[in-house]
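Pasted below: run15.csv, CSV, C-alpha atoms.
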```csv
chain,number,residue,atom,x,y,z
A,1,MET,CA,11.4,160.2,138.6
A,2,SER,CA,10.2,157.7,136.1
A,3,LEU,CA,6.5,157.0,135.5
A,4,PHE,CA,6.9,153.5,137.0
A,5,TRP,CA,8.1,154.9,140.3
A,6,ARG,CA,5.5,157.6,140.4
A,7,ILE,CA,2.7,155.1,140.0
A,8,PHE,CA,4.4,152.7,142.5
A,9,LEU,CA,4.8,155.4,145.2
A,10,LEU,CA,1.2,156.7,144.7
A,11,ASN,CA,-0.1,153.2,145.4
A,12,ALA,CA,2.3,152.7,148.3
A,13,VAL,CA,1.1,155.9,149.9
A,14,VAL,CA,-2.5,154.8,149.7
A,15,LEU,CA,-1.8,151.3,151.0
A,16,LEU,CA,0.5,152.5,153.8
A,17,THR,CA,-2.1,155.0,154.9
A,18,ALA,CA,-4.8,152.3,155.0
A,19,ALA,CA,-2.5,149.9,156.9
A,20,ALA,CA,-1.6,152.6,159.5
A,21,LEU,CA,-5.3,153.4,160.0
A,22,LEU,CA,-6.0,149.7,160.5
A,23,LEU,CA,-3.1,149.1,162.9
A,24,LEU,CA,-3.3,152.3,164.9
A,25,GLY,CA,-7.0,153.0,164.7
A,26,PRO,CA,-9.8,151.6,166.8
A,27,VAL,CA,-11.2,149.5,164.0
A,28,THR,CA,-11.1,145.7,164.5
A,29,VAL,CA,-12.5,142.8,162.6
A,30,SER,CA,-14.1,139.9,164.4
A,31,THR,CA,-15.0,136.4,163.3
A,32,PRO,CA,-17.7,136.2,162.0
A,33,VAL,CA,-17.6,139.7,160.6
A,34,LEU,CA,-20.2,142.0,162.0
A,35,LEU,CA,-22.4,144.2,159.8
A,36,THR,CA,-20.9,147.4,161.1
A,37,GLU,CA,-17.4,146.1,160.5
A,38,ALA,CA,-18.3,145.1,157.0
A,39,VAL,CA,-19.7,148.5,156.3
A,40,ILE,CA,-16.5,150.1,157.7
A,41,ALA,CA,-14.3,147.8,155.6
A,42,VAL,CA,-16.3,148.5,152.4
A,43,ALA,CA,-16.2,152.3,153.1
A,44,GLY,CA,-12.4,152.0,153.6
A,45,VAL,CA,-12.0,150.2,150.2
A,46,VAL,CA,-14.1,152.9,148.5
A,47,VAL,CA,-12.0,155.7,150.1
A,48,MET,CA,-8.8,153.9,149.0
A,49,LEU,CA,-10.1,153.5,145.4
A,50,ALA,CA,-11.2,157.1,145.3
A,51,ALA,CA,-7.9,158.4,146.6
A,52,ASN,CA,-6.1,156.2,144.1
A,53,ALA,CA,-8.2,157.5,141.2
A,54,VAL,CA,-7.6,161.2,142.3
A,55,LEU,CA,-3.9,160.7,142.6
A,56,PHE,CA,-3.7,158.8,139.3
A,57,ARG,CA,-5.7,161.5,137.5
A,58,LEU,CA,-3.4,164.2,138.9
A,59,GLY,CA,-0.3,162.2,138.0
A,60,LEU,CA,-1.3,161.3,134.5
A,61,ALA,CA,-3.0,164.5,133.5
A,62,PRO,CA,0.0,165.6,131.4
A,63,LEU,CA,-0.3,162.3,129.5
A,64,GLN,CA,-4.0,163.0,128.7
A,65,ARG,CA,-3.1,166.5,127.4
A,66,LEU,CA,-0.4,164.9,125.3
A,67,THR,CA,-2.8,162.4,123.9
A,68,ARG,CA,-5.3,165.2,122.9
A,69,ALA,CA,-2.5,167.2,121.3
A,70,MET,CA,-1.3,164.1,119.3
A,71,THR,CA,-4.8,163.5,117.9
A,72,THR,CA,-5.4,167.2,117.0
A,73,THR,CA,-2.0,168.2,115.6
A,74,ASP,CA,-2.0,169.4,112.0
A,75,LEU,CA,1.2,170.1,110.3
A,76,LEU,CA,-0.6,172.6,108.1
A,77,ARG,CA,-1.3,174.7,111.2
A,78,PRO,CA,2.2,174.9,112.7
A,79,GLY,CA,3.4,176.5,115.9
A,80,ARG,CA,1.2,174.7,118.4
A,81,ARG,CA,3.2,173.3,121.2
A,82,LEU,CA,2.3,171.5,124.4
A,83,GLU,CA,3.3,173.2,127.7
A,84,VAL,CA,5.9,171.1,129.5
A,85,SER,CA,4.5,170.0,132.8
A,86,GLY,CA,4.9,167.0,135.1
A,87,THR,CA,8.1,165.5,136.3
A,88,GLY,CA,10.5,162.9,135.2
A,89,GLY,CA,9.5,160.7,132.3
A,90,ILE,CA,6.3,162.6,131.6
A,91,ALA,CA,8.0,166.0,131.1
A,92,GLY,CA,10.7,164.3,129.0
A,93,LEU,CA,8.0,162.7,126.8
A,94,ILE,CA,6.3,166.1,126.2
A,95,VAL,CA,9.7,167.7,125.4
A,96,THR,CA,10.4,164.8,122.9
A,97,PHE,CA,6.9,165.3,121.3
A,98,ASN,CA,7.5,169.1,120.9
A,99,THR,CA,10.9,168.4,119.4
A,100,MET,CA,9.4,165.9,117.0
A,101,LEU,CA,6.9,168.5,115.9
A,102,ASP,CA,9.7,171.0,115.2
A,103,ARG,CA,11.4,168.4,113.0
A,104,LEU,CA,8.3,167.3,111.2
A,105,GLU,CA,7.2,170.9,110.5
A,106,ALA,CA,10.6,171.8,109.2
A,107,GLU,CA,10.7,168.6,106.9
A,108,ARG,CA,7.1,169.3,105.8
A,109,ALA,CA,8.0,172.9,104.9
A,110,ALA,CA,11.1,171.8,103.0
A,111,SER,CA,9.3,169.1,101.0
A,112,SER,CA,6.4,171.4,100.3
A,113,ALA,CA,8.8,174.0,99.0
A,114,LEU,CA,10.3,171.5,96.6
A,115,ALA,CA,7.0,170.2,95.5
A,116,LEU,CA,5.5,173.6,94.9
A,117,SER,CA,8.6,174.8,93.1
A,118,ALA,CA,8.5,171.8,90.8
A,119,GLN,CA,4.8,172.3,90.3
A,120,GLU,CA,5.3,176.0,89.3
A,121,ALA,CA,8.2,175.0,87.0
A,122,GLU,CA,6.0,172.4,85.3
A,123,ARG,CA,3.1,175.0,85.0
A,124,ARG,CA,5.5,177.4,83.4
A,125,ARG,CA,6.8,174.8,80.9
A,126,ILE,CA,3.3,173.7,79.9
A,127,ALA,CA,2.1,177.3,79.6
A,128,GLN,CA,5.1,178.1,77.4
A,129,GLU,CA,4.5,175.1,75.1
A,130,LEU,CA,0.8,175.9,74.8
A,131,HIS,CA,1.6,179.5,73.9
A,132,ASP,CA,4.6,178.8,71.6
A,133,GLU,CA,3.6,175.5,70.0
A,134,VAL,CA,-0.1,175.0,70.1
A,135,GLY,CA,-1.0,178.7,70.0
A,136,GLN,CA,1.3,179.4,67.0
A,137,THR,CA,0.0,176.3,65.2
A,138,LEU,CA,-3.6,177.5,65.6
A,139,THR,CA,-2.6,181.0,64.5
A,140,VAL,CA,-1.2,179.5,61.3
A,141,VAL,CA,-4.3,177.5,60.8
A,142,LEU,CA,-6.4,180.6,61.2
A,143,LEU,CA,-4.4,182.4,58.5
A,144,ASP,CA,-4.7,179.5,56.1
A,145,LEU,CA,-8.4,179.3,56.7
A,146,LYS,CA,-8.7,183.1,56.0
A,147,ARG,CA,-6.7,182.7,52.8
A,148,LEU,CA,-8.8,179.7,51.7
A,149,ALA,CA,-12.0,181.5,52.5
A,150,ASP,CA,-11.2,184.1,49.9
A,151,GLN,CA,-10.6,181.5,47.2
A,152,VAL,CA,-13.3,178.9,47.7
A,153,PRO,CA,-16.7,179.2,46.0
A,154,GLU,CA,-19.4,181.1,47.9
A,155,PRO,CA,-21.4,177.9,49.1
A,156,LEU,CA,-18.3,176.7,51.0
A,157,ARG,CA,-17.3,180.1,52.3
A,158,GLU,CA,-19.8,180.1,55.1
A,159,ASP,CA,-18.6,176.7,56.3
A,160,LEU,CA,-15.0,177.9,56.3
A,161,HIS,CA,-16.0,181.0,58.3
A,162,ARG,CA,-17.6,178.6,60.9
A,163,VAL,CA,-14.4,176.6,61.1
A,164,GLN,CA,-12.5,179.9,61.5
A,165,GLU,CA,-14.6,180.9,64.5
A,166,THR,CA,-14.3,177.5,66.1
A,167,THR,CA,-10.5,177.6,65.7
A,168,ARG,CA,-10.4,181.2,67.0
A,169,ALA,CA,-12.4,180.1,70.1
A,170,GLY,CA,-10.1,177.2,70.6
A,171,LEU,CA,-7.1,179.5,70.4
A,172,ASP,CA,-8.7,181.8,73.0
A,173,GLU,CA,-9.3,178.9,75.3
A,174,ILE,CA,-5.7,177.7,75.0
A,175,ARG,CA,-4.5,181.2,75.8
A,176,GLY,CA,-6.8,181.3,78.8
A,177,ILE,CA,-5.4,178.0,80.0
A,178,ALA,CA,-1.9,179.2,79.5
A,179,ARG,CA,-2.6,182.4,81.6
A,180,GLY,CA,-4.1,180.3,84.3
A,181,LEU,CA,-1.1,178.0,84.5
A,182,ARG,CA,1.4,180.8,84.6
A,183,PRO,CA,0.1,184.4,84.9
A,184,GLY,CA,2.5,186.3,82.7
A,185,VAL,CA,0.9,189.6,83.7
A,186,LEU,CA,2.2,188.9,87.3
A,187,ASP,CA,5.8,189.0,86.0
A,188,GLU,CA,5.2,191.9,83.7
A,189,LEU,CA,2.9,194.3,85.5
A,190,GLY,CA,2.9,193.2,89.2
A,191,LEU,CA,0.5,191.8,91.7
A,192,THR,CA,-2.4,194.3,91.7
A,193,SER,CA,-2.6,194.2,87.9
A,194,ALA,CA,-2.5,190.4,87.9
A,195,LEU,CA,-5.3,190.3,90.5
A,196,THR,CA,-7.4,192.7,88.4
A,197,ALA,CA,-6.9,190.6,85.3
A,198,LEU,CA,-7.8,187.5,87.4
A,199,ALA,CA,-11.0,189.1,88.6
A,200,HIS,CA,-12.1,189.9,85.0
A,201,GLU,CA,-11.2,186.4,83.8
A,202,ILE,CA,-13.3,184.7,86.5
A,203,SER,CA,-16.2,187.1,86.6
A,204,ALA,CA,-16.8,187.3,82.8
A,205,PRO,CA,-18.0,183.6,82.3
A,206,SER,CA,-19.6,183.1,85.7
A,207,GLY,CA,-21.4,186.4,86.2
A,208,LEU,CA,-19.7,186.9,89.5
A,209,THR,CA,-19.4,190.5,90.7
A,210,VAL,CA,-15.9,191.1,92.0
A,211,ARG,CA,-15.2,194.3,94.0
A,212,ARG,CA,-11.5,195.2,94.4
A,213,ALA,CA,-9.7,197.4,96.9
A,214,TYR,CA,-5.9,197.6,96.7
A,215,ALA,CA,-3.7,199.8,98.9
A,216,PRO,CA,-1.4,202.1,96.9
A,217,ASP,CA,1.6,201.8,99.2
A,218,LEU,CA,2.2,198.0,99.4
A,219,PRO,CA,5.7,197.0,100.5
A,220,ALA,CA,7.9,194.8,98.4
A,221,LEU,CA,7.1,191.2,99.0
A,222,GLY,CA,9.3,189.2,96.6
A,223,ASP,CA,8.4,187.1,93.6
A,224,GLN,CA,7.5,184.0,95.6
A,225,ALA,CA,5.2,185.8,98.0
A,226,GLU,CA,3.4,187.6,95.2
A,227,LEU,CA,2.9,184.3,93.4
A,228,VAL,CA,1.5,182.7,96.6
A,229,LEU,CA,-0.9,185.7,97.0
A,230,TYR,CA,-2.0,185.3,93.4
A,231,ARG,CA,-2.6,181.5,93.8
A,232,VAL,CA,-4.6,181.9,97.0
A,233,ALA,CA,-6.8,184.6,95.4
A,234,GLN,CA,-7.2,182.4,92.4
A,235,GLU,CA,-8.3,179.4,94.4
A,236,SER,CA,-10.6,181.6,96.6
A,237,LEU,CA,-12.3,183.2,93.6
A,238,THR,CA,-12.6,179.8,91.8
A,239,ASN,CA,-14.2,178.2,94.8
A,240,ALA,CA,-16.7,181.1,95.2
A,241,ALA,CA,-17.7,180.9,91.6
A,242,ARG,CA,-17.9,177.1,91.1
A,243,HIS,CA,-18.7,175.7,94.5
A,244,ALA,CA,-20.1,178.3,96.9
A,245,GLY,CA,-22.8,179.6,94.7
A,246,ALA,CA,-21.7,183.2,95.4
A,247,THR,CA,-22.8,186.2,93.4
A,248,GLU,CA,-20.5,188.8,94.9
A,249,VAL,CA,-16.9,188.7,96.1
A,250,ASP,CA,-14.8,191.4,97.8
A,251,VAL,CA,-11.0,191.2,97.2
A,252,ARG,CA,-8.9,193.5,99.4
A,253,LEU,CA,-5.1,193.8,99.4
A,254,LEU,CA,-4.1,196.1,102.2
A,255,ARG,CA,-1.0,197.2,104.0
A,256,GLU,CA,-0.9,196.3,107.7
A,257,VAL,CA,1.7,196.8,110.5
A,258,TYR,CA,2.8,193.2,110.2
A,259,GLY,CA,3.0,193.2,106.4
A,260,VAL,CA,0.3,192.7,103.7
A,261,GLU,CA,-3.1,191.2,104.2
A,262,LEU,CA,-5.2,189.6,101.4
A,263,THR,CA,-8.9,189.2,102.2
A,264,VAL,CA,-11.4,187.5,100.0
A,265,ASP,CA,-15.1,187.6,101.2
A,266,ASP,CA,-17.9,185.9,99.3
A,267,ASN,CA,-21.7,185.8,99.9
A,268,GLY,CA,-22.0,182.1,99.1
A,269,GLY,CA,-23.2,179.2,101.1
A,270,GLY,CA,-20.0,178.8,103.2
A,271,THR,CA,-18.1,175.7,103.9
A,272,GLY,CA,-20.9,174.1,106.0
A,273,GLY,CA,-18.3,172.3,108.2
A,274,ALA,CA,-17.2,170.1,105.3
A,275,PRO,CA,-13.7,168.7,105.5
A,276,GLU,CA,-11.0,170.7,103.7
A,277,GLY,CA,-10.3,169.6,100.2
A,278,SER,CA,-7.1,169.6,98.2
A,279,GLY,CA,-7.6,173.2,97.1
A,280,ILE,CA,-7.7,174.6,100.6
A,281,ARG,CA,-4.9,172.3,101.8
A,282,GLY,CA,-2.9,173.6,98.8
A,283,MET,CA,-3.5,177.1,100.0
A,284,ARG,CA,-2.2,176.2,103.4
A,285,GLU,CA,0.9,174.6,102.0
A,286,ARG,CA,1.6,177.7,99.9
A,287,ALA,CA,1.1,180.0,103.0
A,288,LEU,CA,3.6,177.9,105.0
A,289,LEU,CA,6.1,178.2,102.1
A,290,ILE,CA,6.5,182.0,102.7
A,291,GLY,CA,5.7,182.1,106.4
A,292,ALA,CA,2.3,183.6,106.0
A,293,ASP,CA,-0.7,183.1,108.3
A,294,LEU,CA,-3.8,181.8,106.5
A,295,SER,CA,-7.3,181.6,108.1
A,296,ILE,CA,-10.5,180.3,106.5
A,297,GLY,CA,-13.8,180.9,108.2
A,298,PRO,CA,-17.2,182.6,107.9
A,299,ALA,CA,-17.5,186.1,106.5
A,300,PRO,CA,-19.2,188.8,108.5
A,301,GLY,CA,-22.2,189.0,106.2
A,302,GLY,CA,-22.4,185.3,105.5
A,303,GLY,CA,-20.4,183.2,103.1
A,304,THR,CA,-16.7,182.5,103.4
A,305,ARG,CA,-13.7,184.7,104.3
A,306,VAL,CA,-10.2,183.8,103.3
A,307,ARG,CA,-7.6,185.9,105.0
A,308,MET,CA,-3.8,185.7,104.5
A,309,THR,CA,-1.2,187.9,106.1
A,310,VAL,CA,2.2,188.0,104.5
A,311,PRO,CA,5.3,189.4,106.2
A,312,PRO,CA,7.3,191.9,104.0
A,313,ALA,CA,10.4,190.8,102.3
A,314,LYS,CA,13.6,191.1,104.3
A,315,GLY,CA,15.1,194.5,104.2
A,316,THR,CA,11.8,196.3,103.7
A,317,ALA,CA,9.4,198.0,106.1
```

As structure tokens, what does this structure read like?
Amino acid sequence: MSLFWRIFLLNAVVLLTAAALLLLGPVTVSTPVLLTEAVIAVAGVVVMLAANAVLFRLGLAPLQRLTRAMTTTDLLRPGRRLEVSGTGGIAGLIVTFNTMLDRLEAERAASSALALSAQEAERRRIAQELHDEVGQTLTVVLLDLKRLADQVPEPLREDLHRVQETTRAGLDEIRGIARGLRPGVLDELGLTSALTALAHEISAPSGLTVRRAYAPDLPALGDQAELVLYRVAQESLTNAARHAGATEVDVRLLREVYGVELTVDDNGGGTGGAPEGSGIRGMRERALLIGADLSIGPAPGGGTRVRMTVPPAKGTA
């Protein structure tokens, strides 16, 4: 039954009931209208309006739930679907809305996968160029400066040494940027070694104390899942060091029944209910890319907890 006919019949029931009571009941209206008759008529209208309101609320309740779902739906938190209820057009509308969510989430996942793949490819290209082109050029400059330092007069030697140290510091910074863009240690030594190196890189300049706990029997996850875990840990540690004002962070990578769980707890100031920025939304998009479950909330001892559970690669247990 369509929504039009549902509303029409609800009104018809109320009006027919009122007409039946007027025709078959003892109530009459005289001219002029008596006070008691006016009170009865007003009470009857109030009862009709109340009955109409109740019936409309019951009939349109699924639409209200649909409206709330439409205003709170977030494609970065997939899987939420509205229970199909009501009849006729309302149930069909809810089914259509759920189908639309399925399509939008699939399209979002596909577009995010393409965007993140392109981003990682660009990171890899820039990191390679920094390492091969700029890094090698600065290395040659360092060698030339060392050779010149042995030949120039003593008054100029100290200045050349200063230029050498500046060049060496620049070379170290470029290598750090290249490692941040594409963690080569992840490809060469694996996830736990890459996370350990990441913890050292972030804690050294910031003074952040990073405690680590890695399970020794982690299942195979695949290159893409390991890269997502690394990026989520990288973003979490960076946020703790730069924005949360944290002094201690616990990084745990443990094996669970449902796969692998990464937990990053800091003792900083927490999110404070602030809207999620591009970094957190980027973590959610990466989690969707590999079918992982990501949650961000308060840590047990204060601060922020980032938790991501990753299913094992197909064919592993």

**Item:** For stretch 136-149 of chain A: contacts at 8 Å, only C-alpha atoms, fewer than 3 positions along chain excluded, given as a count of residues only
**Value:** 12

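With distances taken over all atoms listed in the file, A:Val134 is the one residue among A:Ala204, A:Glu235, A:Ala53, A:Val134 lying closest to A:Arg175.
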
**Request:** Return the single residue from A:Asp250, A:Asp150, A:Asp172, A:Glu285 that is closest to A:Val228, with distances computed using all atoms listed in the file.
**Result:**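 The shortest atom-to-atom distance to A:Val228 comes from A:Glu285.
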
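Atom CA of A:Pro62 is found 18.7 Å from atom CA of A:Asn11.
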
**Asked** What separation in Å, quoted to one decimal, exists between atom CA of A:Gly291 and atom CA of A:Arg103?
**Response**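 It comes out at 16.2 Å.
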
**Asked** Looking at all atoms listed in the file, which of A:Gly170, A:Pro205, A:Gly190, A:Gly180 is the one that sits closest to A:Ile126?
**Response**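 Among A:Gly170, A:Pro205, A:Gly190, A:Gly180, it is A:Gly180 that comes nearest to A:Ile126.
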
**Request:** Take atom CA of A:Met70 and atom CA of A:Val84 and report the distance between them in Å, one decimal.
**Result:** 14.3 Å

**Asked** Can you list, as a PyMOL selection string, every protein, DNA or RNA residue that comes within 12 Å of A:Ser111 when you count only C-alpha atoms, leaving out same-chain residues fewer than 4 positions away?
**Response** chain A and resi 104-107+115-118+285-286+288-289

**Asked** Residues at most 6 Å from A:Leu181, counting all atoms listed in the file, excluding those fewer than 3 positions away in the same chain, as number ranges by chain?
**Response** A: 123, 127, 178

**Request:** Could you give me, as a list in words, the residues within 7 Å of A:Met308, counting only C-alpha atoms and dropping anything in the same chain fewer than 6 positions from it?
**Result:** Glu261, Leu262, Thr263, Ala292, Asp293, Leu294 and Ser295 of chain A

**Request:** Identify, on the basis of only C-alpha atoms, every residue whose closest approach to A:Val45 does not exceed 10 Å; exclude the query and any residue fewer than 6 positions from it along the same chain; express the result as a count of residues only.
**Result:** 3

**Item:** Which of A:Val210, A:Ile94, A:Leu218, A:Ala246 sits closest to A:Thr67 [using all atoms listed in the file]
**Value:**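 With all atoms listed in the file as the atom set, the closest residue is A:Ile94.
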
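For the residues A:Arg211, A:Arg124, A:Arg65, A:Arg182, ranking by smallest atom-to-atom distance to A:Tyr230 using all atoms listed in the file places A:Arg182 first.
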
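If you measure from each of A:Met283, A:Val251, A:Ala43, A:Ala169 to A:Ala213 using only C-alpha atoms, the closest one turns out to be A:Val251.
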